[in-house]
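Enquirer: First, the structure itself, so that you have it in front of you.
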There are 2 protein chains.
Amino acid sequence: MNNESRIKALLFDVFGTVVDWRSGVARDVASFLSRHAVSVDTFEFADAWRRQYSPAMEEVRSGRRPFVRLDLLHMENLVKVLAEFGVNADSVPVQELAELNLAWHRLDPWPDSVEGLLRMKRRFIIAPLSNGNIRLMVDMAKRAALPWDAILGAEVVRAYKPTPRVYLDTVEILGLEPSDVCMVAAHNGDLAAARQCGLNTAFVVRPHEHGQGQQTDLKAEQDWDYVVGSLTELATQLGCPT
Amino acid sequence: MNNESRIKALLFDVFGTVVDWRSGVARDVASFLSRHAVSVDTFEFADAWRRQYSPAMEEVRSGRRPFVRLDLLHMENLVKVLAEFGVNADSVPVQELAELNLAWHRLDPWPDSVEGLLRMKRRFIIAPLSNGNIRLMVDMAKRAALPWDAILGAEVVRAYKPTPRVYLDTVEILGLEPSDVCMVAAHNGDLAAARQCGLNTAFVVRPHEHGQGQQTDLKAEQDWDYVVGSLTELATQLGCPT
């Protein structure tokens, strides 16, 4: 457990780990749905939109499609989800769809995220290792005051997690060895892929990422190097003063 | 000149524009040179090292060599410069060379840089568009408190300025049009290339980048959109409050 003396950089999953995507998307779709007389719960809509996330990236991961950034996948997924709920996207002004798609740029951090990141930034390089694209991460960070040292992740290496190359190429960009780096995520699958690549691992329990009835990622499924309930707790475990 | 209402992002050249590479490198080579009994002025050594910079990148720009990051070019150039001054790099421990090469990660900002960037960050996306690699820019920013929103530049797009693709691909990563972006540099050549790509341009006069006897880039060679003496003056011209 005492590998913090060796760790030089912390890489963070973002959607669900650092920010609460579900509440943010639900908030931002509300006025759109009422304007278009779609009678669906805003959280149900957010969940439906998010359900398209992994299958869309899988097209890229599998090699069936060249890399495209997440903003585009989110837009394509939005068109599908609107159809599910009876809205033909062709009937919506392009600018209104583009604005709605930016909901993913305007997500709020969990209450502990900013304080935890600020403490860890004083001792480590901190950067997102998210499937979100660079502009999305920049907009989110500026709005939410996430103090990243750099924006790393899928777009920089042009591949989507959990493809091993995403972790390995990012470590290489940092000029480090995998054992110098710790992946921080609320998702066991992300950490399993990072561990396969030799990175250290920190699991942050986020039991309400998917709402009150969440079934997945409620506990550590491997003996991750760190298991914490918040980013401030992780900062403490890593020896970062308040 | 009133295009600041349209500008959304500012991209900065770094070596010479934001930081004083010459003094920083001269400072960091001093103890090495005295340890190895090299009797050369530290500024002369810094200048000689920097003279290798453009030719080394030209190998990549011309396509004769695949993209490699600047840290590696700096190391190769260091070996050449040591030879010029009579030191066989093979006789120096690898770790000592690596440490010396990190001089480029430890450069001090010009006195106006941090304040100017902080003011501009409140209104614009600010990012380096430097030929320096990501880790170099991260180390420099952490040490000097440069408040970048993202680390963009050569390594992200795998090409060196002034290749047009560097400017255009970076604008595209930001999801913007070239006319939404302003390139900020102390070098007329960098701005000429950016303008060719449709970006706005801001010239920062840095008359001592090359020391007291500087001959180049002492004045604007085109009618750049902004011509200023400091990054705080640029912030003011762009309407960013103190």
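Labels used: A, B, ... for chains in the order of the structure tokens, numbers from 1 for residues in each chain, and numbers from 1 for ligands as shown.
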Please write out chain A, superposed on chain B by least squares over all C-alpha atoms matched in order, as a PDB file with C-alpha atoms, in the first residue's frame.

Expert:
ATOM      1  CA  MET A   1      -8.499  45.512 -34.049  1.00  0.00           C
ATOM      2  CA  ASN A   2     -11.753  44.877 -32.226  1.00  0.00           C
ATOM      3  CA  ASN A   3     -11.857  41.156 -32.828  1.00  0.00           C
ATOM      4  CA  GLU A   4     -11.644  40.338 -29.108  1.00  0.00           C
ATOM      5  CA  SER A   5     -15.401  39.925 -29.022  1.00  0.00           C
ATOM      6  CA  ARG A   6     -14.997  37.010 -31.421  1.00  0.00           C
ATOM      7  CA  ILE A   7     -11.854  35.474 -29.921  1.00  0.00           C
ATOM      8  CA  LYS A   8     -12.532  32.468 -27.693  1.00  0.00           C
ATOM      9  CA  ALA A   9      -9.060  31.008 -27.184  1.00  0.00           C
ATOM     10  CA  LEU A  10      -5.516  32.342 -26.903  1.00  0.00           C
ATOM     11  CA  LEU A  11      -2.616  30.096 -27.887  1.00  0.00           C
ATOM     12  CA  PHE A  12       0.831  31.015 -26.635  1.00  0.00           C
ATOM     13  CA  ASP A  13       4.295  30.433 -27.873  1.00  0.00           C
ATOM     14  CA  VAL A  14       6.238  29.704 -24.687  1.00  0.00           C
ATOM     15  CA  PHE A  15      10.060  29.777 -25.060  1.00  0.00           C
ATOM     16  CA  GLY A  16      10.878  33.472 -25.200  1.00  0.00           C
ATOM     17  CA  THR A  17       7.251  34.641 -25.139  1.00  0.00           C
ATOM     18  CA  VAL A  18       6.105  33.410 -21.709  1.00  0.00           C
ATOM     19  CA  VAL A  19       9.402  32.279 -20.152  1.00  0.00           C
ATOM     20  CA  ASP A  20      13.005  33.459 -20.261  1.00  0.00           C
ATOM     21  CA  TRP A  21      14.753  30.325 -21.554  1.00  0.00           C
ATOM     22  CA  ARG A  22      18.204  31.943 -21.847  1.00  0.00           C
ATOM     23  CA  SER A  23      18.625  32.977 -18.223  1.00  0.00           C
ATOM     24  CA  GLY A  24      17.124  29.741 -16.948  1.00  0.00           C
ATOM     25  CA  VAL A  25      19.340  27.487 -19.021  1.00  0.00           C
ATOM     26  CA  ALA A  26      22.421  29.595 -18.224  1.00  0.00           C
ATOM     27  CA  ARG A  27      21.647  29.302 -14.500  1.00  0.00           C
ATOM     28  CA  ASP A  28      21.182  25.542 -14.661  1.00  0.00           C
ATOM     29  CA  VAL A  29      24.299  24.771 -16.726  1.00  0.00           C
ATOM     30  CA  ALA A  30      26.647  26.745 -14.456  1.00  0.00           C
ATOM     31  CA  SER A  31      27.420  24.043 -11.926  1.00  0.00           C
ATOM     32  CA  PHE A  32      27.711  21.372 -14.617  1.00  0.00           C
ATOM     33  CA  LEU A  33      30.228  23.430 -16.583  1.00  0.00           C
ATOM     34  CA  SER A  34      32.367  24.220 -13.562  1.00  0.00           C
ATOM     35  CA  ARG A  35      32.241  20.557 -12.451  1.00  0.00           C
ATOM     36  CA  HIS A  36      33.539  19.512 -15.864  1.00  0.00           C
ATOM     37  CA  ALA A  37      36.034  22.382 -16.058  1.00  0.00           C
ATOM     38  CA  VAL A  38      34.468  23.833 -19.198  1.00  0.00           C
ATOM     39  CA  SER A  39      35.537  27.442 -19.377  1.00  0.00           C
ATOM     40  CA  VAL A  40      32.720  28.929 -21.411  1.00  0.00           C
ATOM     41  CA  ASP A  41      30.285  31.659 -20.468  1.00  0.00           C
ATOM     42  CA  THR A  42      27.010  30.094 -19.352  1.00  0.00           C
ATOM     43  CA  PHE A  43      24.980  32.351 -21.677  1.00  0.00           C
ATOM     44  CA  GLU A  44      27.215  31.411 -24.588  1.00  0.00           C
ATOM     45  CA  PHE A  45      26.514  27.761 -23.785  1.00  0.00           C
ATOM     46  CA  ALA A  46      22.766  28.423 -23.609  1.00  0.00           C
ATOM     47  CA  ASP A  47      22.894  30.196 -26.973  1.00  0.00           C
ATOM     48  CA  ALA A  48      24.867  27.369 -28.552  1.00  0.00           C
ATOM     49  CA  TRP A  49      22.358  24.821 -27.232  1.00  0.00           C
ATOM     50  CA  ARG A  50      19.460  26.878 -28.566  1.00  0.00           C
ATOM     51  CA  ARG A  51      21.138  27.261 -31.986  1.00  0.00           C
ATOM     52  CA  GLN A  52      20.657  23.523 -32.494  1.00  0.00           C
ATOM     53  CA  TYR A  53      16.908  23.825 -31.815  1.00  0.00           C
ATOM     54  CA  SER A  54      15.532  24.790 -35.197  1.00  0.00           C
ATOM     55  CA  PRO A  55      17.807  22.558 -37.316  1.00  0.00           C
ATOM     56  CA  ALA A  56      16.849  19.573 -35.142  1.00  0.00           C
ATOM     57  CA  MET A  57      13.123  20.223 -35.598  1.00  0.00           C
ATOM     58  CA  GLU A  58      13.663  20.795 -39.312  1.00  0.00           C
ATOM     59  CA  GLU A  59      14.521  17.100 -39.665  1.00  0.00           C
ATOM     60  CA  VAL A  60      10.989  16.335 -38.476  1.00  0.00           C
ATOM     61  CA  ARG A  61       9.295  19.183 -40.351  1.00  0.00           C
ATOM     62  CA  SER A  62      10.927  18.085 -43.610  1.00  0.00           C
ATOM     63  CA  GLY A  63       9.683  14.530 -43.156  1.00  0.00           C
ATOM     64  CA  ARG A  64      13.216  13.121 -43.012  1.00  0.00           C
ATOM     65  CA  ARG A  65      12.525  11.932 -39.483  1.00  0.00           C
ATOM     66  CA  PRO A  66       9.327  10.805 -37.768  1.00  0.00           C
ATOM     67  CA  PHE A  67       8.031  12.968 -34.928  1.00  0.00           C
ATOM     68  CA  VAL A  68       9.993  12.702 -31.691  1.00  0.00           C
ATOM     69  CA  ARG A  69       9.413  14.903 -28.688  1.00  0.00           C
ATOM     70  CA  LEU A  70      11.498  17.938 -27.867  1.00  0.00           C
ATOM     71  CA  ASP A  71      13.077  16.386 -24.759  1.00  0.00           C
ATOM     72  CA  LEU A  72      14.863  13.943 -27.058  1.00  0.00           C
ATOM     73  CA  LEU A  73      15.961  16.651 -29.505  1.00  0.00           C
ATOM     74  CA  HIS A  74      17.266  18.717 -26.584  1.00  0.00           C
ATOM     75  CA  MET A  75      19.294  15.728 -25.381  1.00  0.00           C
ATOM     76  CA  GLU A  76      20.771  15.055 -28.826  1.00  0.00           C
ATOM     77  CA  ASN A  77      21.571  18.761 -29.153  1.00  0.00           C
ATOM     78  CA  LEU A  78      23.212  18.774 -25.737  1.00  0.00           C
ATOM     79  CA  VAL A  79      25.574  16.004 -26.824  1.00  0.00           C
ATOM     80  CA  LYS A  80      26.541  18.072 -29.879  1.00  0.00           C
ATOM     81  CA  VAL A  81      27.059  21.253 -27.885  1.00  0.00           C
ATOM     82  CA  LEU A  82      29.152  19.518 -25.256  1.00  0.00           C
ATOM     83  CA  ALA A  83      31.370  18.231 -28.083  1.00  0.00           C
ATOM     84  CA  GLU A  84      31.713  21.801 -29.419  1.00  0.00           C
ATOM     85  CA  PHE A  85      33.092  22.785 -26.049  1.00  0.00           C
ATOM     86  CA  GLY A  86      35.396  19.776 -25.769  1.00  0.00           C
ATOM     87  CA  VAL A  87      33.298  17.474 -23.548  1.00  0.00           C
ATOM     88  CA  ASN A  88      32.677  13.928 -24.727  1.00  0.00           C
ATOM     89  CA  ALA A  89      29.163  13.162 -23.523  1.00  0.00           C
ATOM     90  CA  ASP A  90      30.055   9.474 -23.238  1.00  0.00           C
ATOM     91  CA  SER A  91      32.243  10.411 -20.303  1.00  0.00           C
ATOM     92  CA  VAL A  92      29.322  11.941 -18.387  1.00  0.00           C
ATOM     93  CA  PRO A  93      26.949   9.742 -16.364  1.00  0.00           C
ATOM     94  CA  VAL A  94      23.627   9.365 -18.183  1.00  0.00           C
ATOM     95  CA  GLN A  95      21.742  10.541 -15.099  1.00  0.00           C
ATOM     96  CA  GLU A  96      23.754  13.759 -14.978  1.00  0.00           C
ATOM     97  CA  LEU A  97      23.000  14.470 -18.640  1.00  0.00           C
ATOM     98  CA  ALA A  98      19.298  13.751 -18.082  1.00  0.00           C
ATOM     99  CA  GLU A  99      19.251  16.133 -15.129  1.00  0.00           C
ATOM    100  CA  LEU A 100      20.957  18.873 -17.163  1.00  0.00           C
ATOM    101  CA  ASN A 101      18.496  18.347 -19.995  1.00  0.00           C
ATOM    102  CA  LEU A 102      15.683  19.156 -17.556  1.00  0.00           C
ATOM    103  CA  ALA A 103      16.951  22.746 -17.431  1.00  0.00           C
ATOM    104  CA  TRP A 104      14.324  23.393 -20.136  1.00  0.00           C
ATOM    105  CA  HIS A 105      11.602  22.253 -17.689  1.00  0.00           C
ATOM    106  CA  ARG A 106      12.718  24.812 -15.081  1.00  0.00           C
ATOM    107  CA  LEU A 107      12.484  28.142 -16.841  1.00  0.00           C
ATOM    108  CA  ASP A 108      11.240  31.271 -15.107  1.00  0.00           C
ATOM    109  CA  PRO A 109       8.352  33.301 -16.525  1.00  0.00           C
ATOM    110  CA  TRP A 110       8.875  36.922 -17.550  1.00  0.00           C
ATOM    111  CA  PRO A 111       7.689  39.183 -14.689  1.00  0.00           C
ATOM    112  CA  ASP A 112       4.341  39.970 -16.383  1.00  0.00           C
ATOM    113  CA  SER A 113       3.489  36.437 -17.558  1.00  0.00           C
ATOM    114  CA  VAL A 114       1.604  34.911 -14.628  1.00  0.00           C
ATOM    115  CA  GLU A 115      -0.508  37.997 -13.920  1.00  0.00           C
ATOM    116  CA  GLY A 116      -1.305  38.433 -17.610  1.00  0.00           C
ATOM    117  CA  LEU A 117      -2.284  34.772 -18.049  1.00  0.00           C
ATOM    118  CA  LEU A 118      -4.474  34.804 -14.935  1.00  0.00           C
ATOM    119  CA  ARG A 119      -6.378  37.816 -16.247  1.00  0.00           C
ATOM    120  CA  MET A 120      -6.801  36.345 -19.735  1.00  0.00           C
ATOM    121  CA  LYS A 121      -7.830  32.941 -18.351  1.00  0.00           C
ATOM    122  CA  ARG A 122     -10.950  34.456 -16.832  1.00  0.00           C
ATOM    123  CA  ARG A 123     -12.253  35.412 -20.261  1.00  0.00           C
ATOM    124  CA  PHE A 124     -10.573  33.025 -22.709  1.00  0.00           C
ATOM    125  CA  ILE A 125      -9.331  29.467 -23.009  1.00  0.00           C
ATOM    126  CA  ILE A 126      -5.555  29.778 -22.637  1.00  0.00           C
ATOM    127  CA  ALA A 127      -3.100  27.087 -23.697  1.00  0.00           C
ATOM    128  CA  PRO A 128       0.489  26.826 -24.839  1.00  0.00           C
ATOM    129  CA  LEU A 129       1.050  26.156 -28.538  1.00  0.00           C
ATOM    130  CA  SER A 130       4.707  25.387 -28.095  1.00  0.00           C
ATOM    131  CA  ASN A 131       7.134  22.979 -29.676  1.00  0.00           C
ATOM    132  CA  GLY A 132       7.902  21.810 -26.145  1.00  0.00           C
ATOM    133  CA  ASN A 133       6.513  18.400 -25.228  1.00  0.00           C
ATOM    134  CA  ILE A 134       3.668  17.828 -22.790  1.00  0.00           C
ATOM    135  CA  ARG A 135       5.744  16.757 -19.763  1.00  0.00           C
ATOM    136  CA  LEU A 136       8.109  19.682 -20.281  1.00  0.00           C
ATOM    137  CA  MET A 137       5.162  22.105 -20.326  1.00  0.00           C
ATOM    138  CA  VAL A 138       3.586  20.443 -17.267  1.00  0.00           C
ATOM    139  CA  ASP A 139       6.779  20.639 -15.206  1.00  0.00           C
ATOM    140  CA  MET A 140       7.328  24.254 -16.229  1.00  0.00           C
ATOM    141  CA  ALA A 141       3.740  25.231 -15.457  1.00  0.00           C
ATOM    142  CA  LYS A 142       3.749  23.591 -12.028  1.00  0.00           C
ATOM    143  CA  ARG A 143       7.030  25.241 -11.043  1.00  0.00           C
ATOM    144  CA  ALA A 144       6.152  28.671 -12.419  1.00  0.00           C
ATOM    145  CA  ALA A 145       2.393  28.640 -11.663  1.00  0.00           C
ATOM    146  CA  LEU A 146       1.374  29.101 -15.292  1.00  0.00           C
ATOM    147  CA  PRO A 147      -2.406  28.582 -15.148  1.00  0.00           C
ATOM    148  CA  TRP A 148      -3.008  26.837 -18.491  1.00  0.00           C
ATOM    149  CA  ASP A 149      -6.434  25.397 -19.239  1.00  0.00           C
ATOM    150  CA  ALA A 150      -4.853  22.607 -21.291  1.00  0.00           C
ATOM    151  CA  ILE A 151      -1.444  21.649 -22.632  1.00  0.00           C
ATOM    152  CA  LEU A 152      -1.698  21.815 -26.405  1.00  0.00           C
ATOM    153  CA  GLY A 153       1.121  22.053 -28.931  1.00  0.00           C
ATOM    154  CA  ALA A 154       3.535  19.984 -30.973  1.00  0.00           C
ATOM    155  CA  GLU A 155       3.234  16.687 -29.144  1.00  0.00           C
ATOM    156  CA  VAL A 156      -0.570  16.623 -29.226  1.00  0.00           C
ATOM    157  CA  VAL A 157      -0.619  17.015 -33.008  1.00  0.00           C
ATOM    158  CA  ARG A 158       2.754  15.308 -33.572  1.00  0.00           C
ATOM    159  CA  ALA A 159       4.269  18.053 -35.730  1.00  0.00           C
ATOM    160  CA  TYR A 160       6.436  21.122 -35.148  1.00  0.00           C
ATOM    161  CA  LYS A 161       5.631  24.783 -35.716  1.00  0.00           C
ATOM    162  CA  PRO A 162       5.570  26.519 -38.119  1.00  0.00           C
ATOM    163  CA  THR A 163       4.066  23.581 -40.020  1.00  0.00           C
ATOM    164  CA  PRO A 164       0.503  24.796 -40.797  1.00  0.00           C
ATOM    165  CA  ARG A 165      -1.077  21.603 -39.485  1.00  0.00           C
ATOM    166  CA  VAL A 166       0.078  22.479 -35.956  1.00  0.00           C
ATOM    167  CA  TYR A 167      -2.110  25.594 -35.899  1.00  0.00           C
ATOM    168  CA  LEU A 168      -5.026  24.114 -37.816  1.00  0.00           C
ATOM    169  CA  ASP A 169      -5.254  20.821 -35.935  1.00  0.00           C
ATOM    170  CA  THR A 170      -5.064  22.655 -32.610  1.00  0.00           C
ATOM    171  CA  VAL A 171      -7.909  24.976 -33.613  1.00  0.00           C
ATOM    172  CA  GLU A 172      -9.910  21.930 -34.634  1.00  0.00           C
ATOM    173  CA  ILE A 173      -9.253  20.182 -31.299  1.00  0.00           C
ATOM    174  CA  LEU A 174     -10.719  23.264 -29.633  1.00  0.00           C
ATOM    175  CA  GLY A 175     -13.829  22.959 -31.784  1.00  0.00           C
ATOM    176  CA  LEU A 176     -13.272  26.486 -33.087  1.00  0.00           C
ATOM    177  CA  GLU A 177     -12.661  28.340 -36.328  1.00  0.00           C
ATOM    178  CA  PRO A 178      -9.210  29.907 -36.912  1.00  0.00           C
ATOM    179  CA  SER A 179     -10.808  33.363 -36.607  1.00  0.00           C
ATOM    180  CA  ASP A 180     -11.956  32.440 -33.069  1.00  0.00           C
ATOM    181  CA  VAL A 181      -8.353  31.980 -31.966  1.00  0.00           C
ATOM    182  CA  CYS A 182      -5.414  34.314 -31.398  1.00  0.00           C
ATOM    183  CA  MET A 183      -1.787  33.203 -31.545  1.00  0.00           C
ATOM    184  CA  VAL A 184       0.439  35.081 -29.088  1.00  0.00           C
ATOM    185  CA  ALA A 185       4.181  35.081 -29.756  1.00  0.00           C
ATOM    186  CA  ALA A 186       7.378  37.098 -29.502  1.00  0.00           C
ATOM    187  CA  HIS A 187       8.417  35.843 -32.939  1.00  0.00           C
ATOM    188  CA  ASN A 188       7.252  37.305 -36.226  1.00  0.00           C
ATOM    189  CA  GLY A 189       7.754  33.996 -38.017  1.00  0.00           C
ATOM    190  CA  ASP A 190       5.398  32.129 -35.707  1.00  0.00           C
ATOM    191  CA  LEU A 191       2.724  34.795 -36.182  1.00  0.00           C
ATOM    192  CA  ALA A 192       3.179  34.833 -39.961  1.00  0.00           C
ATOM    193  CA  ALA A 193       2.487  31.095 -40.057  1.00  0.00           C
ATOM    194  CA  ALA A 194      -0.528  31.461 -37.753  1.00  0.00           C
ATOM    195  CA  ARG A 195      -1.944  34.305 -39.876  1.00  0.00           C
ATOM    196  CA  GLN A 196      -1.556  32.186 -43.022  1.00  0.00           C
ATOM    197  CA  CYS A 197      -3.833  29.678 -41.271  1.00  0.00           C
ATOM    198  CA  GLY A 198      -6.415  32.369 -40.503  1.00  0.00           C
ATOM    199  CA  LEU A 199      -5.698  32.917 -36.817  1.00  0.00           C
ATOM    200  CA  ASN A 200      -5.600  36.326 -35.159  1.00  0.00           C
ATOM    201  CA  THR A 201      -2.157  37.434 -34.065  1.00  0.00           C
ATOM    202  CA  ALA A 202      -0.615  39.177 -31.066  1.00  0.00           C
ATOM    203  CA  PHE A 203       3.046  40.190 -31.013  1.00  0.00           C
ATOM    204  CA  VAL A 204       4.747  40.520 -27.635  1.00  0.00           C
ATOM    205  CA  VAL A 205       8.014  42.431 -27.846  1.00  0.00           C
ATOM    206  CA  ARG A 206      10.647  40.565 -25.798  1.00  0.00           C
ATOM    207  CA  PRO A 207      13.792  42.581 -26.584  1.00  0.00           C
ATOM    208  CA  HIS A 208      16.041  40.630 -24.218  1.00  0.00           C
ATOM    209  CA  GLU A 209      15.097  37.060 -25.101  1.00  0.00           C
ATOM    210  CA  HIS A 210      18.539  36.723 -26.689  1.00  0.00           C
ATOM    211  CA  GLY A 211      20.286  39.068 -24.251  1.00  0.00           C
ATOM    212  CA  GLN A 212      21.325  42.668 -24.526  1.00  0.00           C
ATOM    213  CA  GLY A 213      22.574  42.465 -28.108  1.00  0.00           C
ATOM    214  CA  GLN A 214      19.409  40.972 -29.569  1.00  0.00           C
ATOM    215  CA  GLN A 215      19.013  41.648 -33.306  1.00  0.00           C
ATOM    216  CA  THR A 216      15.817  39.781 -34.179  1.00  0.00           C
ATOM    217  CA  ASP A 217      12.127  40.268 -33.424  1.00  0.00           C
ATOM    218  CA  LEU A 218      12.693  43.712 -31.955  1.00  0.00           C
ATOM    219  CA  LYS A 219       9.578  44.961 -33.713  1.00  0.00           C
ATOM    220  CA  ALA A 220       6.437  43.874 -35.481  1.00  0.00           C
ATOM    221  CA  GLU A 221       7.192  42.985 -39.097  1.00  0.00           C
ATOM    222  CA  GLN A 222       3.527  42.899 -40.124  1.00  0.00           C
ATOM    223  CA  ASP A 223       0.427  44.708 -38.942  1.00  0.00           C
ATOM    224  CA  TRP A 224      -0.364  42.117 -36.305  1.00  0.00           C
ATOM    225  CA  ASP A 225      -3.791  42.453 -34.661  1.00  0.00           C
ATOM    226  CA  TYR A 226      -2.161  43.293 -31.337  1.00  0.00           C
ATOM    227  CA  VAL A 227       1.330  44.569 -30.595  1.00  0.00           C
ATOM    228  CA  VAL A 228       2.221  44.766 -26.902  1.00  0.00           C
ATOM    229  CA  GLY A 229       5.162  44.939 -24.543  1.00  0.00           C
ATOM    230  CA  SER A 230       3.884  42.394 -22.033  1.00  0.00           C
ATOM    231  CA  LEU A 231       1.149  39.852 -21.353  1.00  0.00           C
ATOM    232  CA  THR A 232      -0.480  42.233 -18.880  1.00  0.00           C
ATOM    233  CA  GLU A 233      -0.688  44.838 -21.646  1.00  0.00           C
ATOM    234  CA  LEU A 234      -2.243  42.223 -23.909  1.00  0.00           C
ATOM    235  CA  ALA A 235      -4.782  41.397 -21.190  1.00  0.00           C
ATOM    236  CA  THR A 236      -5.705  45.068 -21.010  1.00  0.00           C
ATOM    237  CA  GLN A 237      -6.021  45.395 -24.797  1.00  0.00           C
ATOM    238  CA  LEU A 238      -8.253  42.315 -24.806  1.00  0.00           C
ATOM    239  CA  GLY A 239     -10.489  43.920 -22.201  1.00  0.00           C
ATOM    240  CA  CYS A 240      -9.584  41.612 -19.314  1.00  0.00           C
ATOM    241  CA  PRO A 241      -9.972  43.440 -15.980  1.00  0.00           C
ATOM    242  CA  THR A 242      -7.153  43.496 -13.456  1.00  0.00           C
TER     243      THR A 242
END

Enquirer: Can you tell me, as a list in words, which residues in region 34-174 of chain B count as strand (DSSP E) by DSSP?

Expert: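 Filtering region 34-174 of chain B down to strand (DSSP E) leaves Ile125, Ile126, Ala127, Pro128, Leu129, Ser130, Leu152 and Gly153 of chain B.
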
Enquirer: Could you pull out the residues in region 22-223 of chain A that DSSP calls alpha helix (DSSP H) from the backbone, as JSON, numbers by chain?

Expert: {"A": [22, 23, 24, 25, 26, 27, 28, 29, 30, 31, 32, 33, 34, 35, 42, 43, 44, 45, 46, 47, 48, 49, 50, 51, 53, 54, 55, 56, 57, 58, 59, 60, 61, 70, 71, 72, 73, 74, 75, 76, 77, 78, 79, 80, 81, 82, 83, 84, 94, 95, 96, 97, 98, 99, 100, 101, 113, 114, 115, 116, 117, 118, 119, 120, 121, 134, 135, 136, 137, 138, 139, 140, 141, 142, 143, 144, 154, 155, 156, 157, 164, 165, 166, 167, 168, 169, 170, 171, 172, 173, 188, 189, 190, 191, 192, 193, 194, 195, 196]}
